[in-house]
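A.B. asks: Quick one: the structure is below, and I'll ask about it shortly.
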Amino acid sequence: GRLAYVLMLGGTNDILRSAGGAAQIFGRLRQLHETAGRAPYMPRVGVFTLPPVVSGTTGWDQLRRTLNDSLRKAVTASNPLSFVQRRQFLVDLESLDRSLCSDGVHYTTEGYSEFARRAFEAMQATIEAPAAATTTSIAKAT
């Protein structure tokens, strides 16, 4: 079948390894999002915000929050710049329970199940209604 969705979570290792500031990390992630969205069949791209980490410093958490704010703004912009950007959707992990983190960075089975639940919920909002159902709804309304 054709590739319909790409789900992308990135940036945690960049933050933990001090591989640049929020703007640099954001720029690299946006390039990846754009590249994924241009794959054959133009899949929708789920852009994950970074979940909380237990270990680390206050600086790490502030950088993560700043990056998440930038991702949210880019994905929910009211005037996306390109067709590829209009096919992106947000999967927000900001409120994920830190107790689901097993080692300070990685999550437990329950944590990853929550990632999947949130991703599926966000994907459902992007699924287009079948043409027949839309036509029937319009006919009933008139």
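Ligands are numbered from 1 in the order shown, chains are lettered A, B, ... in the order of the structure tokens, and residues start at 1 in each chain.
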Could you name the residues that touch Leu50 (chain A) at 12 Å or less, counting only C-alpha atoms, but leaving out those on the same chain fewer than 2 positions away, as a short mmCIF file (atom, residue, chain, number, x, y, z; two decimals) with N, CA, C and O atoms, in the first residue's frame?

C.D. replies:
```cif
data_model
loop_
_atom_site.label_atom_id
_atom_site.label_comp_id
_atom_site.auth_asym_id
_atom_site.auth_seq_id
_atom_site.Cartn_x
_atom_site.Cartn_y
_atom_site.Cartn_z
N MET A 8 7.00 11.65 13.49
CA MET A 8 8.37 12.07 13.76
C MET A 8 8.52 12.68 15.15
O MET A 8 7.89 13.68 15.47
N LEU A 9 9.38 12.04 15.92
CA LEU A 9 9.77 12.55 17.23
C LEU A 9 11.27 12.74 17.19
O LEU A 9 12.02 11.78 16.94
N GLY A 10 11.73 13.94 17.38
CA GLY A 10 13.17 14.19 17.33
C GLY A 10 13.53 15.39 18.19
O GLY A 10 12.68 16.20 18.53
N GLY A 11 14.81 15.47 18.52
CA GLY A 11 15.32 16.61 19.26
C GLY A 11 15.81 16.30 20.65
O GLY A 11 16.64 17.05 21.19
N THR A 12 15.34 15.21 21.24
CA THR A 12 15.75 14.90 22.61
C THR A 12 17.26 14.70 22.70
O THR A 12 17.91 15.27 23.58
N ASN A 13 17.82 13.89 21.81
CA ASN A 13 19.26 13.65 21.86
C ASN A 13 20.04 14.93 21.59
O ASN A 13 21.10 15.15 22.19
N ASP A 14 19.53 15.79 20.71
CA ASP A 14 20.19 17.07 20.46
C ASP A 14 20.27 17.89 21.74
O ASP A 14 21.29 18.51 22.04
N ILE A 15 19.17 17.91 22.48
CA ILE A 15 19.15 18.66 23.74
C ILE A 15 20.10 18.04 24.75
O ILE A 15 20.91 18.73 25.36
N ILE A 25 18.03 23.40 16.56
CA ILE A 25 17.36 22.10 16.61
C ILE A 25 16.04 22.17 15.85
O ILE A 25 15.71 21.28 15.06
N PHE A 26 15.30 23.25 16.06
CA PHE A 26 14.03 23.44 15.36
C PHE A 26 14.26 23.44 13.85
O PHE A 26 13.52 22.79 13.11
N LEU A 29 14.84 19.92 12.62
CA LEU A 29 13.60 19.13 12.66
C LEU A 29 12.66 19.53 11.53
O LEU A 29 12.07 18.67 10.88
N VAL A 47 3.93 15.57 13.74
CA VAL A 47 5.05 16.22 14.41
C VAL A 47 4.83 16.11 15.92
O VAL A 47 3.88 16.69 16.45
N PHE A 48 5.69 15.35 16.57
CA PHE A 48 5.58 15.17 18.02
C PHE A 48 6.32 16.29 18.74
O PHE A 48 7.42 16.66 18.35
N PRO A 52 8.34 15.30 28.55
CA PRO A 52 9.22 15.66 29.66
C PRO A 52 10.26 14.58 29.91
O PRO A 52 10.00 13.40 29.69
N VAL A 53 11.44 15.00 30.34
CA VAL A 53 12.47 14.06 30.77
C VAL A 53 12.65 14.24 32.27
O VAL A 53 12.46 15.32 32.80
N TRP A 60 17.91 22.13 30.27
CA TRP A 60 17.39 21.15 29.31
C TRP A 60 15.88 21.29 29.19
O TRP A 60 15.34 21.29 28.09
N ASP A 61 15.22 21.39 30.33
CA ASP A 61 13.76 21.46 30.30
C ASP A 61 13.30 22.75 29.63
O ASP A 61 12.33 22.75 28.87
N GLN A 62 13.99 23.86 29.90
CA GLN A 62 13.61 25.12 29.26
C GLN A 62 13.81 25.05 27.75
O GLN A 62 12.97 25.50 26.98
N LEU A 63 14.91 24.44 27.32
CA LEU A 63 15.17 24.27 25.90
C LEU A 63 14.08 23.40 25.25
O LEU A 63 13.58 23.71 24.16
N ARG A 64 13.70 22.33 25.93
CA ARG A 64 12.64 21.45 25.44
C ARG A 64 11.33 22.21 25.30
O ARG A 64 10.64 22.11 24.28
N ARG A 65 10.99 23.00 26.29
CA ARG A 65 9.74 23.77 26.24
C ARG A 65 9.76 24.81 25.11
O ARG A 65 8.76 25.01 24.42
N THR A 66 10.89 25.46 24.93
CA THR A 66 11.03 26.45 23.86
C THR A 66 10.88 25.77 22.50
O THR A 66 10.19 26.27 21.61
N LEU A 67 11.53 24.63 22.34
CA LEU A 67 11.43 23.87 21.10
C LEU A 67 9.98 23.44 20.85
O LEU A 67 9.46 23.57 19.74
N ASN A 68 9.32 22.94 21.89
CA ASN A 68 7.91 22.53 21.75
C ASN A 68 7.03 23.71 21.33
O ASN A 68 6.15 23.56 20.48
N ASP A 69 7.26 24.88 21.91
CA ASP A 69 6.48 26.06 21.52
C ASP A 69 6.67 26.37 20.04
O ASP A 69 5.70 26.67 19.33
N SER A 70 7.90 26.27 19.57
CA SER A 70 8.19 26.53 18.16
C SER A 70 7.51 25.50 17.26
O SER A 70 6.96 25.85 16.21
N LEU A 71 7.54 24.23 17.66
CA LEU A 71 6.90 23.18 16.87
C LEU A 71 5.39 23.41 16.81
O LEU A 71 4.77 23.29 15.75
N ARG A 72 4.79 23.75 17.95
CA ARG A 72 3.34 24.00 17.98
C ARG A 72 2.98 25.15 17.04
O ARG A 72 2.02 25.05 16.27
N LEU A 90 -0.07 17.97 14.67
CA LEU A 90 0.66 17.95 15.94
C LEU A 90 0.23 16.78 16.80
O LEU A 90 -0.95 16.47 16.92
N VAL A 91 1.23 16.13 17.41
CA VAL A 91 1.00 15.12 18.45
C VAL A 91 1.70 15.67 19.68
O VAL A 91 2.92 15.65 19.79
N ASP A 92 0.91 16.20 20.60
CA ASP A 92 1.49 16.92 21.74
C ASP A 92 1.74 15.97 22.92
O ASP A 92 0.82 15.36 23.44
N LEU A 93 3.00 15.86 23.30
CA LEU A 93 3.39 14.98 24.42
C LEU A 93 3.80 15.78 25.65
O LEU A 93 4.30 15.20 26.62
N GLU A 94 3.59 17.08 25.64
CA GLU A 94 4.02 17.94 26.74
C GLU A 94 3.46 17.49 28.09
O GLU A 94 4.16 17.52 29.09
N SER A 95 2.23 17.06 28.11
CA SER A 95 1.58 16.73 29.38
C SER A 95 1.76 15.26 29.79
O SER A 95 1.11 14.81 30.74
N LEU A 96 2.62 14.54 29.09
CA LEU A 96 2.84 13.13 29.43
C LEU A 96 3.37 13.00 30.86
O LEU A 96 4.21 13.79 31.29
N ARG A 98 5.51 12.13 33.77
CA ARG A 98 6.94 11.81 33.91
C ARG A 98 7.17 10.45 34.59
O ARG A 98 8.21 9.84 34.40
N VAL A 105 14.89 9.33 30.44
CA VAL A 105 14.75 9.77 29.05
C VAL A 105 13.78 8.87 28.29
O VAL A 105 12.91 9.35 27.58
N HIS A 106 13.93 7.56 28.43
CA HIS A 106 13.10 6.60 27.69
C HIS A 106 11.86 6.25 28.51
O HIS A 106 11.88 6.31 29.74
N PHE A 115 2.00 7.42 23.92
CA PHE A 115 2.45 8.07 22.68
C PHE A 115 1.53 7.62 21.54
O PHE A 115 1.04 8.45 20.76
#
```

A.B. asks: Could you pull out the helix (DSSP H, G or I) residues of chain A, going by DSSP on the backbone, and write them as a VMD selection string?

C.D. replies: chain A and resid 12 to 16 22 to 37 58 to 75 83 to 86 98 to 100 109 to 124 131 to 141

A.B. asks: A:Leu100, A:Leu16, A:Ala125, A:Ala74: which is nearest Thr49 (chain A), counting only C-alpha atoms?

C.D. replies: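 Closest residue, counting only C-alpha atoms: A:Ala74.
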
A.B. asks: Got a sec to tell me which of region 34-75 of chain A DSSP assigns to strand (DSSP E or B), as a list in words?

C.D. replies: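 So, restricting region 34-75 of chain A to strand (DSSP E or B), we get Arg44, Val45, Gly46, Val47 and Phe48 of chain A.
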
A.B. asks: Rank nothing, just name the residue among A:Ala119, A:Gln85, A:Gly59, A:Ser99 nearest to Gly21 (chain A), using only C-alpha atoms.

C.D. replies: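 Selected residue with least distance to Gly21 (chain A): A:Gly59.
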
A.B. asks: Within 12 Å of Met42 (chain A), counting only C-alpha atoms, which residues show up once you throw out same-chain ones fewer than 2 positions away? Write them as JSON, numbers by chain, please.

C.D. replies: {"A": [2, 3, 4, 5, 6, 33, 34, 35, 36, 37, 38, 39, 40, 44, 45, 83, 84, 85, 86, 87, 88]}

A.B. asks: Restricting the calculation to only C-alpha atoms: of A:Gly46, A:Leu32, A:Thr108, A:Asp97, which residue gets closest to Glu121 (chain A)?

C.D. replies: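 Going through A:Gly46, A:Leu32, A:Thr108, A:Asp97 one by one, the smallest distance to Glu121 (chain A) is for A:Gly46.
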
A.B. asks: Which is closer to Lys73 (chain A) than all the others in A:Ser102, A:Arg30, A:Leu7, A:Glu110, using only C-alpha atoms?

C.D. replies: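 The closest residue to Lys73 (chain A) is A:Arg30.
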